[in-house]
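Engineer: To be precise about what I am sending: the file is called query27.cif and holds mmCIF, N, CA and C atoms.
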data_upload
loop_
_atom_site.label_atom_id
_atom_site.label_comp_id
_atom_site.auth_asym_id
_atom_site.auth_seq_id
_atom_site.Cartn_x
_atom_site.Cartn_y
_atom_site.Cartn_z
N LEU A 1 -16.53 -23.48 17.46
CA LEU A 1 -17.19 -24.75 17.67
C LEU A 1 -17.87 -24.73 19.03
N LYS A 2 -19.06 -25.34 19.13
CA LYS A 2 -19.75 -25.41 20.41
C LYS A 2 -19.65 -26.82 20.95
N PRO A 3 -19.67 -26.96 22.28
CA PRO A 3 -19.60 -28.30 22.88
C PRO A 3 -20.85 -29.11 22.55
N VAL A 4 -20.68 -30.41 22.38
CA VAL A 4 -21.81 -31.29 22.11
C VAL A 4 -21.78 -32.44 23.11
N SER A 5 -22.95 -32.99 23.37
CA SER A 5 -23.01 -34.13 24.28
C SER A 5 -22.87 -35.41 23.47
N VAL A 6 -22.65 -36.50 24.18
CA VAL A 6 -22.50 -37.80 23.54
C VAL A 6 -23.77 -38.16 22.78
N SER A 7 -24.92 -37.81 23.30
CA SER A 7 -26.17 -38.15 22.62
C SER A 7 -26.30 -37.40 21.30
N ASP A 8 -25.69 -36.22 21.19
CA ASP A 8 -25.74 -35.44 19.96
C ASP A 8 -24.94 -36.09 18.84
N ILE A 9 -23.91 -36.84 19.19
CA ILE A 9 -23.03 -37.38 18.15
C ILE A 9 -23.13 -38.90 18.02
N SER A 10 -24.16 -39.52 18.57
CA SER A 10 -24.26 -40.97 18.54
C SER A 10 -24.32 -41.49 17.10
N ASP A 11 -25.06 -40.80 16.22
CA ASP A 11 -25.13 -41.26 14.84
C ASP A 11 -23.77 -41.17 14.18
N PHE A 12 -23.06 -40.09 14.44
CA PHE A 12 -21.74 -39.92 13.83
C PHE A 12 -20.77 -40.95 14.39
N THR A 13 -20.84 -41.21 15.70
CA THR A 13 -19.96 -42.20 16.33
C THR A 13 -20.23 -43.57 15.74
N ALA A 14 -21.51 -43.89 15.53
CA ALA A 14 -21.85 -45.19 14.96
C ALA A 14 -21.23 -45.34 13.58
N PHE A 15 -21.21 -44.26 12.83
CA PHE A 15 -20.62 -44.33 11.49
C PHE A 15 -19.10 -44.43 11.58
N LYS A 16 -18.52 -43.57 12.41
CA LYS A 16 -17.08 -43.50 12.50
C LYS A 16 -16.50 -44.81 13.03
N MET A 17 -17.16 -45.41 14.00
CA MET A 17 -16.68 -46.65 14.59
C MET A 17 -17.14 -47.87 13.79
N GLY A 18 -17.87 -47.64 12.75
CA GLY A 18 -18.31 -48.75 11.93
C GLY A 18 -19.37 -49.60 12.61
N ASN A 19 -20.17 -49.03 13.48
CA ASN A 19 -21.21 -49.72 14.21
C ASN A 19 -20.66 -50.82 15.11
N LEU A 20 -19.37 -50.79 15.43
CA LEU A 20 -18.79 -51.82 16.29
C LEU A 20 -19.15 -51.61 17.75
N CYS A 21 -19.21 -50.35 18.20
CA CYS A 21 -19.46 -50.06 19.61
C CYS A 21 -20.94 -49.82 19.89
N ALA A 22 -21.67 -49.40 18.94
CA ALA A 22 -23.07 -49.04 19.18
C ALA A 22 -23.95 -49.80 18.21
N GLN A 23 -24.14 -51.08 18.48
CA GLN A 23 -24.90 -51.93 17.58
C GLN A 23 -26.35 -51.47 17.45
N GLU A 24 -26.94 -50.89 18.50
CA GLU A 24 -28.33 -50.51 18.45
C GLU A 24 -28.54 -49.18 17.73
N ALA A 25 -27.49 -48.42 17.47
CA ALA A 25 -27.64 -47.11 16.83
C ALA A 25 -28.04 -47.29 15.36
N PRO A 26 -28.93 -46.43 14.88
CA PRO A 26 -29.33 -46.53 13.48
C PRO A 26 -28.19 -46.13 12.56
N PRO A 27 -28.18 -46.64 11.35
CA PRO A 27 -27.11 -46.27 10.42
C PRO A 27 -27.20 -44.77 10.07
N VAL A 28 -26.08 -44.22 9.78
CA VAL A 28 -25.99 -42.80 9.46
C VAL A 28 -26.45 -42.59 8.03
N LYS A 29 -27.27 -41.56 7.85
CA LYS A 29 -27.74 -41.25 6.51
C LYS A 29 -26.64 -40.59 5.70
N GLN A 30 -26.66 -40.75 4.40
CA GLN A 30 -25.65 -40.17 3.52
C GLN A 30 -25.63 -38.65 3.62
N GLU A 31 -26.79 -38.01 3.81
CA GLU A 31 -26.87 -36.55 3.92
C GLU A 31 -26.06 -36.06 5.12
N GLU A 32 -26.15 -36.78 6.23
CA GLU A 32 -25.44 -36.36 7.42
C GLU A 32 -23.94 -36.43 7.21
N ILE A 33 -23.47 -37.43 6.54
CA ILE A 33 -22.04 -37.57 6.25
C ILE A 33 -21.57 -36.42 5.37
N ALA A 34 -22.36 -36.08 4.39
CA ALA A 34 -21.99 -34.98 3.50
C ALA A 34 -21.91 -33.67 4.26
N SER A 35 -22.85 -33.44 5.20
CA SER A 35 -22.82 -32.18 5.93
C SER A 35 -21.62 -32.12 6.87
N VAL A 36 -21.24 -33.24 7.46
CA VAL A 36 -20.06 -33.26 8.33
C VAL A 36 -18.81 -32.98 7.50
N ALA A 37 -18.70 -33.59 6.33
CA ALA A 37 -17.54 -33.37 5.48
C ALA A 37 -17.49 -31.94 4.99
N THR A 38 -18.64 -31.39 4.62
CA THR A 38 -18.70 -30.02 4.14
C THR A 38 -18.30 -29.07 5.25
N ALA A 39 -18.79 -29.28 6.46
CA ALA A 39 -18.46 -28.40 7.57
C ALA A 39 -16.96 -28.43 7.84
N ALA A 40 -16.34 -29.59 7.75
CA ALA A 40 -14.91 -29.68 8.00
C ALA A 40 -14.12 -28.93 6.93
N THR A 41 -14.52 -29.03 5.68
CA THR A 41 -13.77 -28.35 4.62
C THR A 41 -14.05 -26.86 4.62
N GLU A 42 -15.22 -26.43 5.10
CA GLU A 42 -15.52 -25.00 5.15
C GLU A 42 -14.75 -24.32 6.26
N GLU A 43 -14.49 -25.01 7.35
CA GLU A 43 -13.79 -24.40 8.47
C GLU A 43 -12.31 -24.20 8.16
N ALA A 44 -11.68 -25.05 7.42
CA ALA A 44 -10.26 -24.94 7.16
C ALA A 44 -9.88 -23.63 6.46
N PRO A 45 -10.56 -23.21 5.39
CA PRO A 45 -10.17 -21.95 4.77
C PRO A 45 -10.37 -20.74 5.67
N LYS A 46 -11.37 -20.78 6.57
CA LYS A 46 -11.60 -19.66 7.48
C LYS A 46 -10.40 -19.43 8.38
N GLU A 47 -9.77 -20.50 8.82
CA GLU A 47 -8.60 -20.36 9.68
C GLU A 47 -7.40 -19.86 8.90
N GLU A 48 -7.29 -20.20 7.64
CA GLU A 48 -6.15 -19.80 6.83
C GLU A 48 -6.30 -18.39 6.26
N ALA A 49 -7.51 -17.86 6.16
CA ALA A 49 -7.75 -16.57 5.53
C ALA A 49 -6.99 -15.42 6.19
N PRO A 50 -6.91 -15.29 7.52
CA PRO A 50 -6.19 -14.16 8.10
C PRO A 50 -4.70 -14.13 7.79
N ALA A 51 -4.07 -15.28 7.61
CA ALA A 51 -2.64 -15.31 7.37
C ALA A 51 -2.21 -14.47 6.17
N PRO A 52 -2.83 -14.57 4.98
CA PRO A 52 -2.41 -13.71 3.88
C PRO A 52 -2.64 -12.23 4.17
N ALA A 53 -3.70 -11.88 4.89
CA ALA A 53 -3.96 -10.47 5.20
C ALA A 53 -2.84 -9.90 6.05
N ILE A 54 -2.36 -10.67 7.02
CA ILE A 54 -1.26 -10.21 7.86
C ILE A 54 0.00 -10.07 7.03
N LYS A 55 0.22 -10.98 6.13
CA LYS A 55 1.39 -10.92 5.29
C LYS A 55 1.37 -9.67 4.41
N GLU A 56 0.19 -9.33 3.86
CA GLU A 56 0.07 -8.13 3.03
C GLU A 56 0.37 -6.88 3.85
N GLU A 57 -0.12 -6.82 5.10
CA GLU A 57 0.14 -5.66 5.94
C GLU A 57 1.62 -5.53 6.21
N GLU A 58 2.32 -6.63 6.45
CA GLU A 58 3.75 -6.58 6.68
C GLU A 58 4.47 -6.03 5.46
N GLU A 59 4.04 -6.41 4.27
CA GLU A 59 4.68 -5.92 3.06
C GLU A 59 4.47 -4.41 2.92
N GLU A 60 3.27 -3.90 3.24
CA GLU A 60 3.01 -2.48 3.17
C GLU A 60 3.89 -1.71 4.15
N VAL A 61 4.07 -2.25 5.34
CA VAL A 61 4.90 -1.59 6.33
C VAL A 61 6.34 -1.53 5.85
N LYS A 62 6.82 -2.56 5.20
CA LYS A 62 8.19 -2.59 4.72
C LYS A 62 8.45 -1.50 3.68
N THR A 63 7.48 -1.21 2.82
CA THR A 63 7.70 -0.20 1.79
C THR A 63 7.77 1.19 2.40
N GLY A 64 6.95 1.49 3.42
CA GLY A 64 7.00 2.75 4.14
C GLY A 64 6.58 3.95 3.32
N PRO A 65 6.46 5.08 4.00
CA PRO A 65 6.08 6.31 3.31
C PRO A 65 7.27 6.89 2.53
N ALA A 66 6.95 7.76 1.61
CA ALA A 66 7.99 8.41 0.80
C ALA A 66 8.11 9.86 1.24
N ASP A 67 9.33 10.35 1.36
CA ASP A 67 9.56 11.76 1.63
C ASP A 67 9.80 12.46 0.30
N LEU A 68 9.05 13.54 0.09
CA LEU A 68 9.14 14.32 -1.14
C LEU A 68 9.47 15.76 -0.77
N THR A 69 10.26 16.42 -1.62
CA THR A 69 10.61 17.82 -1.37
C THR A 69 10.02 18.68 -2.48
N PHE A 70 9.34 19.75 -2.08
CA PHE A 70 8.72 20.69 -3.01
C PHE A 70 9.26 22.08 -2.71
N LYS A 71 9.58 22.84 -3.75
CA LYS A 71 9.93 24.26 -3.60
C LYS A 71 8.79 25.05 -4.22
N VAL A 72 8.06 25.74 -3.37
CA VAL A 72 6.85 26.43 -3.80
C VAL A 72 7.03 27.94 -3.64
N PRO A 73 7.09 28.69 -4.76
CA PRO A 73 7.16 30.15 -4.65
C PRO A 73 5.76 30.72 -4.41
N LYS A 74 5.68 31.74 -3.58
CA LYS A 74 4.40 32.37 -3.32
C LYS A 74 4.00 33.29 -4.48
N GLY A 75 4.99 33.91 -5.11
CA GLY A 75 4.70 34.80 -6.22
C GLY A 75 3.80 35.94 -5.78
N ASP A 76 2.83 36.26 -6.62
CA ASP A 76 1.90 37.35 -6.30
C ASP A 76 0.64 36.87 -5.60
N LYS A 77 0.61 35.63 -5.16
CA LYS A 77 -0.58 35.08 -4.51
C LYS A 77 -0.72 35.62 -3.10
N ALA A 78 -1.94 35.81 -2.67
CA ALA A 78 -2.21 36.33 -1.33
C ALA A 78 -2.00 35.26 -0.26
N SER A 79 -2.14 33.98 -0.64
CA SER A 79 -1.97 32.90 0.35
C SER A 79 -1.27 31.71 -0.28
N TRP A 80 -0.83 30.82 0.60
CA TRP A 80 -0.21 29.57 0.13
C TRP A 80 -1.29 28.64 -0.42
N GLY A 81 -2.50 28.78 -0.01
CA GLY A 81 -3.58 27.93 -0.50
C GLY A 81 -3.53 26.52 0.04
N LEU A 82 -3.00 26.39 1.24
CA LEU A 82 -2.93 25.08 1.90
C LEU A 82 -3.80 25.11 3.14
N LYS A 83 -4.74 24.23 3.22
CA LYS A 83 -5.52 24.06 4.45
C LYS A 83 -4.87 22.91 5.19
N VAL A 84 -4.46 23.17 6.44
CA VAL A 84 -3.74 22.15 7.21
C VAL A 84 -4.43 21.90 8.54
N ALA A 85 -4.29 20.69 9.02
CA ALA A 85 -4.76 20.31 10.36
C ALA A 85 -3.54 20.28 11.26
N LYS A 86 -3.65 20.97 12.39
CA LYS A 86 -2.53 21.00 13.34
C LYS A 86 -2.77 19.95 14.40
N GLU A 87 -1.97 18.93 14.36
CA GLU A 87 -2.00 17.86 15.37
C GLU A 87 -0.59 17.81 15.94
N SER A 88 0.00 16.66 16.08
CA SER A 88 1.41 16.58 16.46
C SER A 88 2.27 16.96 15.26
N VAL A 89 1.67 16.95 14.08
CA VAL A 89 2.31 17.37 12.83
C VAL A 89 1.29 18.20 12.06
N LEU A 90 1.76 18.88 11.01
CA LEU A 90 0.83 19.57 10.12
C LEU A 90 0.48 18.62 8.99
N LYS A 91 -0.80 18.46 8.74
CA LYS A 91 -1.27 17.56 7.69
C LYS A 91 -2.13 18.37 6.73
N VAL A 92 -1.81 18.27 5.42
CA VAL A 92 -2.58 18.97 4.40
C VAL A 92 -3.95 18.31 4.29
N THR A 93 -5.00 19.11 4.47
CA THR A 93 -6.35 18.57 4.36
C THR A 93 -7.03 19.00 3.06
N ASP A 94 -6.52 20.09 2.45
CA ASP A 94 -7.13 20.56 1.21
C ASP A 94 -6.20 21.55 0.52
N ILE A 95 -6.31 21.63 -0.79
CA ILE A 95 -5.64 22.64 -1.60
C ILE A 95 -6.70 23.68 -1.94
N ILE A 96 -6.49 24.91 -1.53
CA ILE A 96 -7.47 25.96 -1.72
C ILE A 96 -7.27 26.60 -3.10
N PRO A 97 -8.33 26.67 -3.90
CA PRO A 97 -8.22 27.27 -5.24
C PRO A 97 -7.71 28.73 -5.17
N GLY A 98 -6.86 29.08 -6.12
CA GLY A 98 -6.35 30.44 -6.23
C GLY A 98 -5.08 30.69 -5.43
N GLY A 99 -4.60 29.70 -4.69
CA GLY A 99 -3.40 29.88 -3.89
C GLY A 99 -2.14 29.41 -4.60
N ALA A 100 -0.99 29.63 -3.95
CA ALA A 100 0.30 29.26 -4.51
C ALA A 100 0.42 27.74 -4.71
N ALA A 101 -0.15 26.95 -3.81
CA ALA A 101 -0.07 25.49 -3.94
C ALA A 101 -0.80 25.01 -5.19
N GLU A 102 -1.96 25.60 -5.50
CA GLU A 102 -2.68 25.20 -6.71
C GLU A 102 -1.87 25.55 -7.95
N ASP A 103 -1.27 26.76 -7.98
CA ASP A 103 -0.40 27.14 -9.11
C ASP A 103 0.76 26.15 -9.26
N TYR A 104 1.38 25.80 -8.13
CA TYR A 104 2.48 24.84 -8.16
C TYR A 104 2.00 23.52 -8.77
N ASN A 105 0.85 23.04 -8.33
CA ASN A 105 0.33 21.76 -8.82
C ASN A 105 0.03 21.80 -10.32
N ILE A 106 -0.48 22.94 -10.81
CA ILE A 106 -0.76 23.08 -12.25
C ILE A 106 0.54 23.02 -13.05
N LYS A 107 1.58 23.66 -12.55
CA LYS A 107 2.88 23.70 -13.24
C LYS A 107 3.66 22.40 -13.08
N ASN A 108 3.32 21.61 -12.08
CA ASN A 108 4.05 20.36 -11.78
C ASN A 108 3.07 19.20 -11.62
N PRO A 109 2.42 18.79 -12.71
CA PRO A 109 1.38 17.75 -12.58
C PRO A 109 1.91 16.38 -12.13
N ASP A 110 3.20 16.13 -12.30
CA ASP A 110 3.77 14.85 -11.86
C ASP A 110 4.27 14.87 -10.42
N ALA A 111 4.24 16.05 -9.80
CA ALA A 111 4.73 16.19 -8.43
C ALA A 111 3.81 17.13 -7.65
N LYS A 112 2.57 16.72 -7.46
CA LYS A 112 1.57 17.57 -6.82
C LYS A 112 1.62 17.46 -5.30
N ILE A 113 1.28 18.57 -4.66
CA ILE A 113 1.01 18.56 -3.22
C ILE A 113 -0.44 18.09 -3.11
N MET A 114 -0.70 17.14 -2.20
CA MET A 114 -2.04 16.55 -2.13
C MET A 114 -2.57 16.51 -0.70
N ALA A 115 -3.89 16.49 -0.60
CA ALA A 115 -4.52 16.28 0.71
C ALA A 115 -4.04 14.94 1.26
N GLY A 116 -3.73 14.92 2.53
CA GLY A 116 -3.20 13.71 3.16
C GLY A 116 -1.70 13.78 3.36
N ASP A 117 -1.01 14.68 2.66
CA ASP A 117 0.43 14.84 2.84
C ASP A 117 0.71 15.37 4.24
N VAL A 118 1.76 14.85 4.87
CA VAL A 118 2.16 15.28 6.20
C VAL A 118 3.46 16.08 6.05
N MET A 119 3.46 17.28 6.61
CA MET A 119 4.64 18.14 6.51
C MET A 119 5.68 17.70 7.53
N LYS A 120 6.80 17.25 7.02
CA LYS A 120 7.91 16.83 7.88
C LYS A 120 8.73 18.06 8.26
N SER A 121 8.93 18.97 7.29
CA SER A 121 9.60 20.24 7.59
C SER A 121 9.18 21.30 6.58
N VAL A 122 9.26 22.55 7.02
CA VAL A 122 8.99 23.70 6.17
C VAL A 122 10.17 24.64 6.34
N ASN A 123 10.91 24.87 5.26
CA ASN A 123 12.13 25.70 5.31
C ASN A 123 13.06 25.25 6.44
N GLY A 124 13.19 23.94 6.62
CA GLY A 124 14.09 23.38 7.63
C GLY A 124 13.50 23.32 9.03
N LYS A 125 12.32 23.85 9.25
CA LYS A 125 11.69 23.83 10.58
C LYS A 125 10.90 22.54 10.72
N ASP A 126 11.13 21.82 11.82
CA ASP A 126 10.45 20.53 11.98
C ASP A 126 9.43 20.51 13.10
N THR A 127 9.16 21.65 13.73
CA THR A 127 8.09 21.72 14.73
C THR A 127 6.89 22.40 14.08
N THR A 128 5.70 22.12 14.58
CA THR A 128 4.51 22.74 13.98
C THR A 128 4.55 24.25 14.13
N ALA A 129 5.01 24.74 15.27
CA ALA A 129 5.10 26.20 15.47
C ALA A 129 6.08 26.82 14.48
N GLY A 130 7.22 26.20 14.31
CA GLY A 130 8.23 26.70 13.37
C GLY A 130 7.74 26.66 11.93
N GLN A 131 7.01 25.60 11.58
CA GLN A 131 6.48 25.46 10.22
C GLN A 131 5.44 26.54 9.94
N LEU A 132 4.54 26.79 10.90
CA LEU A 132 3.52 27.81 10.71
C LEU A 132 4.15 29.20 10.60
N GLU A 133 5.17 29.46 11.41
CA GLU A 133 5.86 30.75 11.35
C GLU A 133 6.54 30.92 9.98
N ALA A 134 7.18 29.87 9.48
CA ALA A 134 7.83 29.94 8.16
C ALA A 134 6.81 30.22 7.08
N MET A 135 5.63 29.64 7.20
CA MET A 135 4.58 29.86 6.19
C MET A 135 4.06 31.30 6.25
N LYS A 136 4.07 31.91 7.43
CA LYS A 136 3.59 33.29 7.57
C LYS A 136 4.60 34.30 7.03
N THR A 137 5.89 34.02 7.17
CA THR A 137 6.91 35.04 6.89
C THR A 137 7.68 34.83 5.59
N SER A 138 7.58 33.68 4.95
CA SER A 138 8.40 33.37 3.77
C SER A 138 7.69 33.68 2.46
N THR A 139 8.51 33.92 1.43
CA THR A 139 7.96 34.11 0.08
C THR A 139 8.18 32.87 -0.77
N GLU A 140 8.95 31.92 -0.25
CA GLU A 140 9.15 30.63 -0.91
C GLU A 140 9.24 29.57 0.17
N LEU A 141 8.60 28.43 -0.07
CA LEU A 141 8.64 27.34 0.89
C LEU A 141 9.37 26.14 0.31
N GLU A 142 10.22 25.57 1.12
CA GLU A 142 10.78 24.25 0.81
C GLU A 142 10.08 23.29 1.74
N LEU A 143 9.16 22.53 1.19
CA LEU A 143 8.35 21.59 1.95
C LEU A 143 8.93 20.19 1.80
N VAL A 144 9.19 19.55 2.93
CA VAL A 144 9.52 18.12 2.92
C VAL A 144 8.28 17.44 3.45
N ILE A 145 7.69 16.61 2.58
CA ILE A 145 6.39 16.00 2.86
C ILE A 145 6.54 14.49 2.91
N THR A 146 5.85 13.89 3.86
CA THR A 146 5.79 12.43 3.94
C THR A 146 4.43 12.01 3.36
N ARG A 147 4.50 11.15 2.39
CA ARG A 147 3.29 10.64 1.74
C ARG A 147 3.24 9.15 1.95
N ALA A 148 2.17 8.68 2.56
CA ALA A 148 2.02 7.24 2.83
C ALA A 148 1.63 6.49 1.58
#
With the file now loaded, output its structure as structure tokens.

Structural biologist:
Amino acid sequence: LKPVSVSDISDFTAFKMGNLCAQEAPPVKQEEIASVATAATEEAPKEEAPAPAIKEEEEEVKTGPADLTFKVPKGDKASWGLKVAKESVLKVTDIIPGGAAEDYNIKNPDAKIMAGDVMKSVNGKDTTAGQLEAMKTSTELELVITRA
């Protein structure tokens, strides 16, 4: 809302006060009354709109991410077929065709490894260095993944 001067609201004041205080003021037109009423009703929902959005966010936070465990054999594949981003954690960014992860996903369509999964541990290792080392030296991975 922006500040208004008394001269800006004289017509509205004349209507609201019933022309008791401002006898010389012209009567308020019906259109002006409708626009004031409409503006008041339009502003109320705008103030209430953020409340449900905050409530929905709180509900999402309460559900939290799910930890899933996958046992992935490397078999005769040359690579695990996991493209990962190394940040404070390892995050799967892609499943590379022809790798062990793609084979696992084909054999387990209800429990796929997916882009966006965050590796919580690999063969019990919970540091990024330990996880990468386990991926280099192991023939089977036990992946504990956090999925949001």

Engineer: Kindly resolve the PyMOL selection byres ((chain A and resi 73-85) around 6) on the present coordinates and return the residues as a list in words.

Structural biologist: Lys71, Val72, Lys86, Glu87, Val89, Leu90, Lys91, Val92, Thr93, Asp94, Ile95, Ile96, Pro97, Gly98, Gly99, Ala100, Ala101, Glu102, Thr139, Glu140 and Leu141 of chain A

Engineer: Using the chain letters and numbers from this file, what does the PyMOL selection byres (((chain A and resi 146 and name CA) around 6) and name CA) select? Give the answer as a compact mmCIF listing (two decimals) with N, CA and C atoms, in the frame of the given file.

Structural biologist:
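To be explicit, this is the file written out as result28.txt:
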# COMPACT_ATOMS: atom_id res chain seq x y z
N ALA A 66 6.95 7.76 1.61
CA ALA A 66 7.99 8.41 0.80
C ALA A 66 8.11 9.86 1.24
N ASP A 67 9.33 10.35 1.36
CA ASP A 67 9.56 11.76 1.63
C ASP A 67 9.80 12.46 0.30
N ASP A 117 -1.01 14.68 2.66
CA ASP A 117 0.43 14.84 2.84
C ASP A 117 0.71 15.37 4.24
N VAL A 118 1.76 14.85 4.87
CA VAL A 118 2.16 15.28 6.20
C VAL A 118 3.46 16.08 6.05
N ILE A 145 7.69 16.61 2.58
CA ILE A 145 6.39 16.00 2.86
C ILE A 145 6.54 14.49 2.91
N ARG A 147 4.50 11.15 2.39
CA ARG A 147 3.29 10.64 1.74
C ARG A 147 3.24 9.15 1.95

Engineer: Looking at all atoms listed in the file, which of A:Asn105, A:Pro65, A:Asp110, A:Met119 is the one that sits closest to Val144 of chain A?

Structural biologist: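 Closest to Val144 of chain A of all the choices is A:Met119.
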
Engineer: Please, which residues of segment 89-131 of chain A, numbered as in this document, come out strand (DSSP E) from DSSP, as a PDB file with N, CA and C atoms, in the frame of the given file?

Structural biologist:
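The file below, selection.pdb, is the result:
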ATOM      1  N   LEU A  90       1.760  18.880  11.010  1.00  0.00           N
ATOM      2  CA  LEU A  90       0.830  19.570  10.120  1.00  0.00           C
ATOM      3  C   LEU A  90       0.480  18.620   8.990  1.00  0.00           C
ATOM      4  N   LYS A  91      -0.800  18.460   8.740  1.00  0.00           N
ATOM      5  CA  LYS A  91      -1.270  17.560   7.690  1.00  0.00           C
ATOM      6  C   LYS A  91      -2.130  18.370   6.730  1.00  0.00           C
ATOM      7  N   VAL A  92      -1.810  18.270   5.420  1.00  0.00           N
ATOM      8  CA  VAL A  92      -2.580  18.970   4.400  1.00  0.00           C
ATOM      9  C   VAL A  92      -3.950  18.310   4.290  1.00  0.00           C
ATOM     10  N   THR A  93      -5.000  19.110   4.470  1.00  0.00           N
ATOM     11  CA  THR A  93      -6.350  18.570   4.360  1.00  0.00           C
ATOM     12  C   THR A  93      -7.030  19.000   3.060  1.00  0.00           C
ATOM     13  N   ASP A  94      -6.520  20.090   2.450  1.00  0.00           N
ATOM     14  CA  ASP A  94      -7.130  20.560   1.210  1.00  0.00           C
ATOM     15  C   ASP A  94      -6.200  21.550   0.520  1.00  0.00           C
ATOM     16  N   ILE A  95      -6.310  21.630  -0.790  1.00  0.00           N
ATOM     17  CA  ILE A  95      -5.640  22.640  -1.600  1.00  0.00           C
ATOM     18  C   ILE A  95      -6.700  23.680  -1.940  1.00  0.00           C
ATOM     19  N   VAL A 118       1.760  14.850   4.870  1.00  0.00           N
ATOM     20  CA  VAL A 118       2.160  15.280   6.200  1.00  0.00           C
ATOM     21  C   VAL A 118       3.460  16.080   6.050  1.00  0.00           C
ATOM     22  N   MET A 119       3.460  17.280   6.610  1.00  0.00           N
ATOM     23  CA  MET A 119       4.640  18.140   6.510  1.00  0.00           C
ATOM     24  C   MET A 119       5.680  17.700   7.530  1.00  0.00           C
ATOM     25  N   LYS A 120       6.800  17.250   7.020  1.00  0.00           N
ATOM     26  CA  LYS A 120       7.910  16.830   7.880  1.00  0.00           C
ATOM     27  C   LYS A 120       8.730  18.060   8.260  1.00  0.00           C
ATOM     28  N   SER A 121       8.930  18.970   7.290  1.00  0.00           N
ATOM     29  CA  SER A 121       9.600  20.240   7.590  1.00  0.00           C
ATOM     30  C   SER A 121       9.180  21.300   6.580  1.00  0.00           C
ATOM     31  N   VAL A 122       9.260  22.550   7.020  1.00  0.00           N
ATOM     32  CA  VAL A 122       8.990  23.700   6.170  1.00  0.00           C
ATOM     33  C   VAL A 122      10.170  24.640   6.340  1.00  0.00           C
TER      34      VAL A 122
END

Engineer: Give the answer as one residue: which of A:Leu143, A:Ile106, A:Met135, A:Leu68 has the shortest atom-to-atom distance to Ser121 of chain A, using only C-alpha atoms?

Structural biologist: A:Leu143

Engineer: How far is it from atom CA of Tyr104 of chain A to atom CA of Gly130 of chain A, in Å with one decimal?

Structural biologist: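 Distance reported for this atom pair: 22.4 Å.
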
Engineer: Tell me, which residues of segment 50-140 of chain A carry DSSP helix (DSSP H, G or I), written as a PyMOL selection string?

Structural biologist: chain A and resi 50-63+100-107+128-137

Engineer: Quick one, how far is atom C of Val122 of chain A from atom N of Glu142 of chain A?

Structural biologist: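 Computing it gives 5.3 Å between the two atoms.
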
Engineer: Find the distance between atom CA of Ala129 of chain A and atom N of Lys112 of chain A and write it in Å to one decimal.

Structural biologist: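 Result for atom CA of Ala129 of chain A versus atom N of Lys112 of chain A: 24.9 Å, one decimal.
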